[in-house]
Amino acid sequence: MSAAQQIDSNTSVDVMTDTDQYLTFILAGEEYGVDILRVQEIKGWDNVTPIPNTPDYIKGVINLRGTIVPIVDLRHKFSLDAIPYGATTVVIVLKVSSEDGNRTMGIVVDAVSDVYNVAAEEMKPPPDFGTISIDYVKGLATVEDKMVIVLEIDKLLNSGVLDNSDSLLQ
Amino acid sequence: MAIDITQFHETFFEESFEGLDIMESGLLNLDIGAADNDTVNAIFRAAHSIKGGSATFGFSEVAEFTHGMETLLDEMRDGSRDVTQESVDTLLQSVDCLREMLGASRDKTPIDLERAEALKKELEKILSSDNNSIKSPSENDESKNTAPASESSGRDGWEIKFKPYHDMLRTGNDPVRMFRELAELGDLSVEIDISQLPALEDLDPEESYLSWKLTLKADVEKEKVKEIFEWVEDECDIEFNELSAATDKADNPANVMATATTAPPQTTDNSKKTAAPKKAATSTDSASIRVSIDKVDALINMVGELVITQSMIGQLDCDLDEFDNNRMEKLRDGLTLLERNTRELQESVMRIRMLPISFAFNRFPRMVHDLCQKLNKKIELKTTGEQTELDKTVMEKIGDPLVHLVRNSIDHGIEMPEERVAADKPETGIIELNAFHKGGNIIIEIKDDGAGFNKERIKAKAVERGLISSDEQLSDEKIYDLLFQPGFSTAEQLSDISGRGVGMDVVRRNIRELGGNIDVSSEMGKGTTFTIRLPLTLAILDGQLVCVGSEIYITPLVSIVESLQIKKEFVNNIAGQTELYKVRDDYIPIVRMHNIFGIDAEQKNLEGGLLVIVEGDGKKAGLLVDDLLGQQQVVIKSLETNYKRVDGVSGATILGDGTVALILDVDGLIELSRNPPTSGNTSTNQVREVA
């Protein structure tokens with residue numbers, strides 16, 4: 001908590017209450033957040049080895065110090081237009097847990113943004129938008145008048161890996 | 001001296017379970033009526049050390065129970081008792097009971113004392129029952145001494161020559177305590193021989209240099225005296241002479257140590273270690289592994305060489321300014337050496353994980369024995385290739401599937417004796433377990449000469465279950481494939497041995513998880529053969545690097561038959577789609593890698609392209625690739641750890657430059673080429689996603 005307090009200078013919430021830290025990133029102009037405790041590392045985009053006969057959003061696999069880590073392009077996953085990877089393009093390596101254990105996966109995003117403290121009660125349940133499944137969204141948080149979409153990464157990244165339903169839609 | 005004795009418990013249990021395995025296999029090998037002395041001795045020794053160990057570590061119930069078994073075995077071994085079916089069966093049950101007791105002690109759960117008590121009674125019954133009837137022939141035996149009779153008349157006592165080996169004290173045995181115990185039996189006088197005692201400065205306080213001549217004036221049975229020295233039997237030269245009798249009368253040969261008195265203790269110790277069968281506890285998922293000394297020695301040698309090579313290369317590095325040809329040459333030599341060292345080192349390290357498959361096979365004689373009794377069948381088990389080595393992980397995972405398959409063969413495969421006779425077959429059925437290497441695989445065959453599968457019945461059952469429609473035409477292969485469907489069993493009656501239909505699907509899944517596969521072939525009335533093919537090791541593979549478009553793939557070297565350049569005149573088309581290539585007298589389907597994997601390839605024309613002929617699952621195929629790169633050993637990394645199984649790919653590896661390359665699964669590729677992934681692969685997924 002002490003570390004959280006240091007970082008936390010712009011929120012007025014009592015840090016001792018139920019707050020979580022989220023790492024946010026930018027994807028097509030929107031800010032998304034993931035639980036910071038799940039983030040293993042952030043690394044620059046590098047070439048991947050494509051895996052044949054897999055959905056498009058699986059860019060391929062990389063060698064992360066000896067382990068093979070699959071990389072998911074979130075733009076693809078969310079059916080956004082692809083953009084060329086640039087200097088800010090990063091891979092966020094995440095720990096994803098599922099019934100049969102933990103796995104490590106990476107997501108490609110446009111850029112990383114910030115780390116925020118969000119109190120549990122500040123998190124709003126997502127409305128039914130009908131575009132992407134609300135299963136993948138943990139909630140919406142407002143930080144400095146901006147909306148941050150907090151993702152449920154377990155569900156998001158296990159879909160299409162464990163089950164074969166690749167459907168992102170409801 | 002407070003030593004935390006619990007730290008040795010793990011070892012004790014491991015050794016005890018090993019001992020139990022030895023006892024079990026020994027008991028099963030015993031020929032009733034004409035027992036082989038060596039076998040009985042081996043069983044006895046195992047029981048003896050379990051008893052000793054359990055007493056030392058305070059598992060008194062275990063020790064007490066084992067004592068009963070030991071007594072019976074002891075009588076068997078000195079020939080005073082015949083080996084009967086009854087006693088062998090009781091001993092086998094006792095082994096089971098003992099295993100449970102030890103298991104319970106290890107897991108710190110309560111011991112089932114009732115069962116132990118019942119068995120103990122049974123053992124006692126055997127011990128007391130025909131003791132007398134057996135004794136008479138042994139009295140005629142020339143070695144009168146060995147009979148545990150109480151013919152004490154006219155015996156003044158015993159003269160015992162006791163000479164411990166140097167390292168006896170290290171095993172925690174104390175002569176003083178033994179003498180004290182002896183003194184309780186009667187009047188004891190002790191003469192000490194200190195001639196071996198070195199000068200004080202050379203004296204190692206942990207070694208024993210003394211020998212004793214003990215005279216026990218008491219009318220006691222020899223067994224009683226012997227019992228005191230029981231724990232040190234293997235660590236000393238000991239001789240018992242009856243005082244009244246002529247002193248040259250030879251004692252029980254088992255006690256006169258065959259090893260020369262002067263043999264340095266160090267060597268005896270070592271030879272014992274290497275001679276003892278190397279076993280790891282196969283039943284438990286223990287994380288430890290026992291490795292034979294020579295494997296470790298090989299490893300140490302290898303590391304030694306590596307160090308030498310390193311220093312050789314290190315010398316070159318002192319002043320880099322003058323880097324002339326001569327040094328270049330040396331550096332090159334060094335690197336070659338280094339490469340060789342690394343490879344050898346790698347091989348030796350891998351060998352540490354390899355265990356002979358007998359670990360997995362060992363449990364079967366017992367299982368067959370028990371099940372035969374239960375089912376009143378007559379079955380002989382034949383095993384070959386027990387020494388075939390297999391990775392420990394593979395071994396652990398293959399055990400249960402094997403048990404399942406063997407059970408199936410016993411229960412459903414082999415018919416009842418009368419049925420067999422009626423079918424003109426020998427009364428005794430045969431189950432064969434064979435293991436051998438083939439290519440980079442290990443093959444395990446489970447073969448029975450039983451009834452074989454009734455294809456019609458399998459089909460009928462499958463129709464009943466709605467797995468297939470009644471008018472479907474199926475190849476044999478497809479029919480046998482049904483056996484591996486979840487919940488499928490053809491047994492008409494469920495038994496507790498098999499037939500619940502839970503299993504065959506699990507068997508196949510387990511084998512597939514190991515990267516292997518299982519095949520069935522069967523002939524009605526003749527028998528069934530299950531063939532399991534497993535990779536030798538899960539970690540390393542010899543691979544050929546091939547290039548398709550911009551991607552590099554690794555083809556397992558073992559599955560490559562040959563590589564050749566395509567000549568137009570040998571290419572044939574069938575129905576304008578399937579392309580076949582004529583290799584000598586064979587027509588081999590061409591698999592265009594870039595099509596299957598959806599890659600842009602340089603080489604879209606067959607003319608002048610490279611064809612890698614591979615063989616998988618008994619089928620051949622030619623993979624069209626753009627280029628052949630080098631060959632190298634690759635470390636297999638799983639894609640499934642973080643992702644999932646991908647068709648046509650068996651894993652991934654990391655190349656020298658740090659990039660990932662995928663390892664091709666030849667069987668899967670051939671399968672893929674026949675049933676292409678729902679065409680255009682990625683695009684369909686996308687369509688589904690957007691739809």
# chains A, B, ... in the order shown; residues from 1 in each chain; ligands from 1
>>> interface_residues(of="chain A", to="chain B", cutoff="6 Å", atoms="only C-alpha atoms", output="mmCIF file with N, CA and C atoms, in the first residue's frame")
data_model
loop_
_atom_site.group_PDB
_atom_site.id
_atom_site.type_symbol
_atom_site.label_atom_id
_atom_site.label_comp_id
_atom_site.auth_asym_id
_atom_site.auth_seq_id
_atom_site.Cartn_x
_atom_site.Cartn_y
_atom_site.Cartn_z
ATOM 1 N N THR A 49 6.731 -15.089 -34.514
ATOM 2 C CA THR A 49 6.646 -16.231 -35.418
ATOM 3 C C THR A 49 5.175 -16.580 -35.566
ATOM 4 N N PRO A 52 0.450 -21.147 -37.917
ATOM 5 C CA PRO A 52 -0.509 -21.402 -38.981
ATOM 6 C C PRO A 52 -1.862 -21.830 -38.441
ATOM 7 N N ASN A 53 -2.857 -21.580 -39.226
ATOM 8 C CA ASN A 53 -4.212 -22.036 -38.932
ATOM 9 C C ASN A 53 -4.722 -21.594 -37.567
ATOM 10 N N PRO A 55 -6.629 -18.113 -35.529
ATOM 11 C CA PRO A 55 -7.354 -16.884 -35.839
ATOM 12 C C PRO A 55 -6.388 -15.718 -36.087
ATOM 13 N N ASP A 56 -6.865 -14.765 -36.851
ATOM 14 C CA ASP A 56 -6.031 -13.625 -37.230
ATOM 15 C C ASP A 56 -5.479 -12.845 -36.045
ATOM 16 N N ASN A 63 9.612 -15.471 -28.062
ATOM 17 C CA ASN A 63 10.442 -16.133 -27.065
ATOM 18 C C ASN A 63 10.656 -15.163 -25.912
ATOM 19 N N ARG A 103 -1.463 -19.074 -17.565
ATOM 20 C CA ARG A 103 -0.670 -19.008 -18.774
ATOM 21 C C ARG A 103 -0.185 -17.577 -18.952
ATOM 22 N N THR A 104 0.809 -17.441 -19.771
ATOM 23 C CA THR A 104 1.357 -16.125 -20.031
ATOM 24 C C THR A 104 1.022 -15.762 -21.464
ATOM 25 N N SER A 167 -16.135 -16.223 -31.224
ATOM 26 C CA SER A 167 -17.057 -15.099 -31.389
ATOM 27 C C SER A 167 -16.854 -14.096 -30.274
#
>>> select_by_dssp(residues="segment 288-411 of chain B", states="helix (DSSP H, G or I)", output="ChimeraX atom specification")
/B:293-316,325-352,358-361,363-375,392-411
>>> write_last_selection(atoms="C-alpha atoms", output="PDB file, in the first residue's frame")
ATOM      1  CA  ILE B 293      26.731 -44.282 -10.475  1.00  0.00           C
ATOM      2  CA  ASP B 294      28.091 -44.769 -13.980  1.00  0.00           C
ATOM      3  CA  LYS B 295      25.670 -42.263 -15.407  1.00  0.00           C
ATOM      4  CA  VAL B 296      26.813 -39.730 -12.866  1.00  0.00           C
ATOM      5  CA  ASP B 297      30.451 -40.609 -13.505  1.00  0.00           C
ATOM      6  CA  ALA B 298      29.975 -40.087 -17.206  1.00  0.00           C
ATOM      7  CA  LEU B 299      28.521 -36.710 -16.426  1.00  0.00           C
ATOM      8  CA  ILE B 300      31.424 -35.748 -14.228  1.00  0.00           C
ATOM      9  CA  ASN B 301      33.886 -36.793 -16.919  1.00  0.00           C
ATOM     10  CA  MET B 302      32.042 -34.724 -19.407  1.00  0.00           C
ATOM     11  CA  VAL B 303      32.115 -31.673 -17.208  1.00  0.00           C
ATOM     12  CA  GLY B 304      35.817 -32.233 -16.694  1.00  0.00           C
ATOM     13  CA  GLU B 305      36.375 -32.139 -20.419  1.00  0.00           C
ATOM     14  CA  LEU B 306      34.260 -29.063 -20.717  1.00  0.00           C
ATOM     15  CA  VAL B 307      36.451 -27.324 -18.183  1.00  0.00           C
ATOM     16  CA  ILE B 308      39.560 -28.307 -20.120  1.00  0.00           C
ATOM     17  CA  THR B 309      38.076 -26.982 -23.333  1.00  0.00           C
ATOM     18  CA  GLN B 310      37.092 -23.807 -21.615  1.00  0.00           C
ATOM     19  CA  SER B 311      40.605 -23.217 -20.328  1.00  0.00           C
ATOM     20  CA  MET B 312      41.969 -24.003 -23.763  1.00  0.00           C
ATOM     21  CA  ILE B 313      39.813 -21.337 -25.324  1.00  0.00           C
ATOM     22  CA  GLY B 314      40.473 -19.066 -22.393  1.00  0.00           C
ATOM     23  CA  GLN B 315      44.205 -19.086 -23.133  1.00  0.00           C
ATOM     24  CA  LEU B 316      43.613 -17.651 -26.561  1.00  0.00           C
ATOM     25  CA  ASN B 325      46.069 -17.488 -38.214  1.00  0.00           C
ATOM     26  CA  ASN B 326      47.577 -19.852 -35.763  1.00  0.00           C
ATOM     27  CA  ARG B 327      45.293 -18.667 -33.044  1.00  0.00           C
ATOM     28  CA  MET B 328      42.342 -18.678 -35.332  1.00  0.00           C
ATOM     29  CA  GLU B 329      43.062 -22.307 -35.977  1.00  0.00           C
ATOM     30  CA  LYS B 330      43.222 -23.047 -32.291  1.00  0.00           C
ATOM     31  CA  LEU B 331      40.038 -21.191 -31.661  1.00  0.00           C
ATOM     32  CA  ARG B 332      38.311 -23.197 -34.337  1.00  0.00           C
ATOM     33  CA  ASP B 333      39.581 -26.406 -32.806  1.00  0.00           C
ATOM     34  CA  GLY B 334      38.404 -25.281 -29.430  1.00  0.00           C
ATOM     35  CA  LEU B 335      34.974 -24.496 -30.727  1.00  0.00           C
ATOM     36  CA  THR B 336      34.677 -27.885 -32.373  1.00  0.00           C
ATOM     37  CA  LEU B 337      35.664 -29.473 -29.118  1.00  0.00           C
ATOM     38  CA  LEU B 338      33.217 -27.321 -27.256  1.00  0.00           C
ATOM     39  CA  GLU B 339      30.475 -28.335 -29.583  1.00  0.00           C
ATOM     40  CA  ARG B 340      31.236 -31.978 -29.052  1.00  0.00           C
ATOM     41  CA  ASN B 341      31.436 -31.542 -25.305  1.00  0.00           C
ATOM     42  CA  THR B 342      28.145 -29.732 -25.204  1.00  0.00           C
ATOM     43  CA  ARG B 343      26.430 -32.419 -27.174  1.00  0.00           C
ATOM     44  CA  GLU B 344      27.852 -35.201 -25.074  1.00  0.00           C
ATOM     45  CA  LEU B 345      27.027 -33.367 -21.913  1.00  0.00           C
ATOM     46  CA  GLN B 346      23.528 -32.864 -23.102  1.00  0.00           C
ATOM     47  CA  GLU B 347      23.188 -36.515 -23.925  1.00  0.00           C
ATOM     48  CA  SER B 348      24.458 -37.595 -20.548  1.00  0.00           C
ATOM     49  CA  VAL B 349      22.164 -35.213 -18.779  1.00  0.00           C
ATOM     50  CA  MET B 350      19.270 -36.565 -20.725  1.00  0.00           C
ATOM     51  CA  ARG B 351      20.294 -40.085 -19.830  1.00  0.00           C
ATOM     52  CA  ILE B 352      19.843 -39.260 -16.176  1.00  0.00           C
ATOM     53  CA  SER B 358      10.882 -52.520 -16.368  1.00  0.00           C
ATOM     54  CA  PHE B 359       9.681 -50.004 -13.793  1.00  0.00           C
ATOM     55  CA  ALA B 360       6.418 -49.858 -15.600  1.00  0.00           C
ATOM     56  CA  PHE B 361       6.375 -53.568 -16.422  1.00  0.00           C
ATOM     57  CA  ARG B 363       3.752 -54.363 -11.597  1.00  0.00           C
ATOM     58  CA  PHE B 364       2.168 -56.601 -14.186  1.00  0.00           C
ATOM     59  CA  PRO B 365       3.189 -60.092 -13.035  1.00  0.00           C
ATOM     60  CA  ARG B 366       1.434 -59.440  -9.781  1.00  0.00           C
ATOM     61  CA  MET B 367      -1.599 -57.980 -11.450  1.00  0.00           C
ATOM     62  CA  VAL B 368      -1.902 -60.894 -13.836  1.00  0.00           C
ATOM     63  CA  HIS B 369      -1.434 -63.332 -10.968  1.00  0.00           C
ATOM     64  CA  ASP B 370      -4.157 -61.724  -8.882  1.00  0.00           C
ATOM     65  CA  LEU B 371      -6.635 -61.221 -11.661  1.00  0.00           C
ATOM     66  CA  CYS B 372      -6.195 -64.762 -12.906  1.00  0.00           C
ATOM     67  CA  GLN B 373      -7.099 -66.097  -9.507  1.00  0.00           C
ATOM     68  CA  LYS B 374     -10.081 -63.839  -9.329  1.00  0.00           C
ATOM     69  CA  LEU B 375     -11.366 -64.673 -12.775  1.00  0.00           C
ATOM     70  CA  LYS B 392      10.985 -40.658 -16.388  1.00  0.00           C
ATOM     71  CA  THR B 393       8.103 -38.301 -17.099  1.00  0.00           C
ATOM     72  CA  VAL B 394       6.905 -40.473 -19.930  1.00  0.00           C
ATOM     73  CA  MET B 395       7.248 -43.503 -17.696  1.00  0.00           C
ATOM     74  CA  GLU B 396       5.116 -42.012 -14.976  1.00  0.00           C
ATOM     75  CA  LYS B 397       2.421 -41.038 -17.352  1.00  0.00           C
ATOM     76  CA  ILE B 398       2.361 -44.275 -19.296  1.00  0.00           C
ATOM     77  CA  GLY B 399       1.918 -46.523 -16.249  1.00  0.00           C
ATOM     78  CA  ASP B 400      -1.803 -46.109 -15.823  1.00  0.00           C
ATOM     79  CA  PRO B 401      -2.720 -46.472 -19.471  1.00  0.00           C
ATOM     80  CA  LEU B 402      -0.661 -49.660 -19.597  1.00  0.00           C
ATOM     81  CA  VAL B 403      -2.386 -51.054 -16.540  1.00  0.00           C
ATOM     82  CA  HIS B 404      -5.682 -50.314 -18.130  1.00  0.00           C
ATOM     83  CA  LEU B 405      -4.800 -52.030 -21.361  1.00  0.00           C
ATOM     84  CA  VAL B 406      -3.429 -55.108 -19.648  1.00  0.00           C
ATOM     85  CA  ARG B 407      -6.505 -55.340 -17.460  1.00  0.00           C
ATOM     86  CA  ASN B 408      -8.637 -55.111 -20.531  1.00  0.00           C
ATOM     87  CA  SER B 409      -6.710 -57.911 -22.145  1.00  0.00           C
ATOM     88  CA  ILE B 410      -7.070 -60.107 -19.087  1.00  0.00           C
ATOM     89  CA  ASP B 411     -10.720 -59.363 -18.574  1.00  0.00           C
TER      90      ASP B 411
END
>>> residues_around(residues="Val48 of chain A", least_positions_apart="6", cutoff="7 Å", atoms="only C-alpha atoms", output="list of chain:residue names")
A:Lys59, A:Gly60, A:Val61, A:Ile62
>>> closest_residue(among="A:Thr89, A:Thr54, A:Thr67, A:Ser79", to="Ile26 of chain A", atoms="only C-alpha atoms")
A:Thr89
>>> select_by_dssp(residues="chain A", states="strand (DSSP E)", output="VMD selection string")
chain A and resid 19 to 27 30 to 35 39 to 44 58 to 64 67 to 73 90 to 98 101 to 109 111 to 119 137 to 143 146 to 151
>>> atom_distance(atom1="atom CA of Phe570 of chain B", atom2="atom CA of Arg584 of chain B")
9.5 Å
>>> residues_around(residues="segment 33-45 of chain A", least_positions_apart="4", cutoff="9 Å", atoms="only C-alpha atoms", output="VMD selection string")
chain A and resid 20 to 26 85 to 96 104 106 108 112 115 to 116 148 to 153
>>> residues_around(residues="Gly668 of chain B", least_positions_apart="3", cutoff="9 Å", atoms="only C-alpha atoms", output="ChimeraX atom specification")
/B:616,647-650,664-665,671-673
>>> write_last_selection(atoms="C-alpha atoms", output="PDB file, in the first residue's frame")
ATOM      1  CA  GLY B 616       4.473 -40.645 -40.227  1.00  0.00           C
ATOM      2  CA  ASP B 647      -2.787 -28.901 -35.884  1.00  0.00           C
ATOM      3  CA  GLY B 648       0.301 -29.793 -37.833  1.00  0.00           C
ATOM      4  CA  VAL B 649       2.609 -28.376 -35.194  1.00  0.00           C
ATOM      5  CA  SER B 650       3.965 -30.447 -32.353  1.00  0.00           C
ATOM      6  CA  LEU B 664       6.239 -29.778 -37.564  1.00  0.00           C
ATOM      7  CA  ASP B 665       4.065 -32.664 -36.561  1.00  0.00           C
ATOM      8  CA  GLU B 671      -3.845 -35.555 -41.738  1.00  0.00           C
ATOM      9  CA  LEU B 672      -4.215 -31.836 -42.453  1.00  0.00           C
ATOM     10  CA  SER B 673      -3.377 -32.269 -46.104  1.00  0.00           C
TER      11      SER B 673
END
>>> residues_around(residues="Leu611 of chain B", least_positions_apart="5", cutoff="9 Å", atoms="only C-alpha atoms", output="PDB file with N, CA and C atoms, in the first residue's frame")
ATOM      1  N   GLU B 562      13.856 -38.984 -47.112  1.00  0.00           N
ATOM      2  CA  GLU B 562      14.861 -38.419 -48.003  1.00  0.00           C
ATOM      3  C   GLU B 562      14.374 -37.056 -48.483  1.00  0.00           C
ATOM      4  N   SER B 563      15.278 -36.325 -49.087  1.00  0.00           N
ATOM      5  CA  SER B 563      14.892 -35.044 -49.676  1.00  0.00           C
ATOM      6  C   SER B 563      15.359 -35.052 -51.118  1.00  0.00           C
ATOM      7  N   LEU B 564      14.543 -34.518 -51.989  1.00  0.00           N
ATOM      8  CA  LEU B 564      14.954 -34.531 -53.390  1.00  0.00           C
ATOM      9  C   LEU B 564      14.403 -33.324 -54.125  1.00  0.00           C
ATOM     10  N   GLN B 565      15.000 -33.082 -55.290  1.00  0.00           N
ATOM     11  CA  GLN B 565      14.553 -31.972 -56.116  1.00  0.00           C
ATOM     12  C   GLN B 565      13.493 -32.507 -57.078  1.00  0.00           C
ATOM     13  N   ILE B 566      12.434 -31.748 -57.222  1.00  0.00           N
ATOM     14  CA  ILE B 566      11.317 -32.238 -58.023  1.00  0.00           C
ATOM     15  C   ILE B 566      11.652 -32.194 -59.510  1.00  0.00           C
ATOM     16  N   ILE B 590       1.950 -35.067 -52.676  1.00  0.00           N
ATOM     17  CA  ILE B 590       2.725 -33.857 -52.396  1.00  0.00           C
ATOM     18  C   ILE B 590       1.905 -32.955 -51.486  1.00  0.00           C
ATOM     19  N   VAL B 591       2.522 -32.512 -50.429  1.00  0.00           N
ATOM     20  CA  VAL B 591       1.857 -31.592 -49.504  1.00  0.00           C
ATOM     21  C   VAL B 591       2.499 -30.223 -49.673  1.00  0.00           C
ATOM     22  N   LEU B 606       6.057 -26.445 -58.857  1.00  0.00           N
ATOM     23  CA  LEU B 606       6.672 -27.669 -58.373  1.00  0.00           C
ATOM     24  C   LEU B 606       8.044 -27.862 -59.002  1.00  0.00           C
ATOM     25  N   GLY B 622       5.216 -36.078 -49.291  1.00  0.00           N
ATOM     26  CA  GLY B 622       6.317 -35.209 -49.683  1.00  0.00           C
ATOM     27  C   GLY B 622       5.954 -33.776 -49.340  1.00  0.00           C
ATOM     28  N   LEU B 623       6.758 -33.144 -48.515  1.00  0.00           N
ATOM     29  CA  LEU B 623       6.477 -31.759 -48.157  1.00  0.00           C
ATOM     30  C   LEU B 623       7.222 -30.854 -49.128  1.00  0.00           C
ATOM     31  N   LEU B 624       6.475 -29.966 -49.738  1.00  0.00           N
ATOM     32  CA  LEU B 624       7.101 -29.021 -50.656  1.00  0.00           C
ATOM     33  C   LEU B 624       7.598 -27.826 -49.851  1.00  0.00           C
ATOM     34  N   VAL B 625       8.911 -27.621 -49.863  1.00  0.00           N
ATOM     35  CA  VAL B 625       9.468 -26.507 -49.100  1.00  0.00           C
ATOM     36  C   VAL B 625      10.332 -25.654 -50.021  1.00  0.00           C
ATOM     37  N   ASP B 626      10.658 -24.472 -49.558  1.00  0.00           N
ATOM     38  CA  ASP B 626      11.460 -23.583 -50.387  1.00  0.00           C
ATOM     39  C   ASP B 626      12.943 -23.873 -50.272  1.00  0.00           C
TER      40      ASP B 626
END
>>> closest_residue(among="B:Val225, B:Ala63, B:Met76, B:Leu98", to="Leu20 of chain B", atoms="only C-alpha atoms")
B:Leu98
>>> residues_around(residues="Gly515 of chain B", least_positions_apart="6", cutoff="9 Å", atoms="only C-alpha atoms", output="compact mmCIF listing (two decimals) with C-alpha atoms, in the first residue's frame")
# COMPACT_ATOMS: atom_id res chain seq x y z
CA ARG B 533 4.22 -45.28 -29.91
CA LEU B 534 5.88 -42.79 -27.63
CA PRO B 535 8.59 -40.22 -28.11
CA LEU B 538 10.04 -35.01 -24.26
CA SER B 650 3.97 -30.45 -32.35
>>> atom_distance(atom1="atom CA of Pro127 of chain A", atom2="atom CA of Leu80 of chain A")
20.2 Å
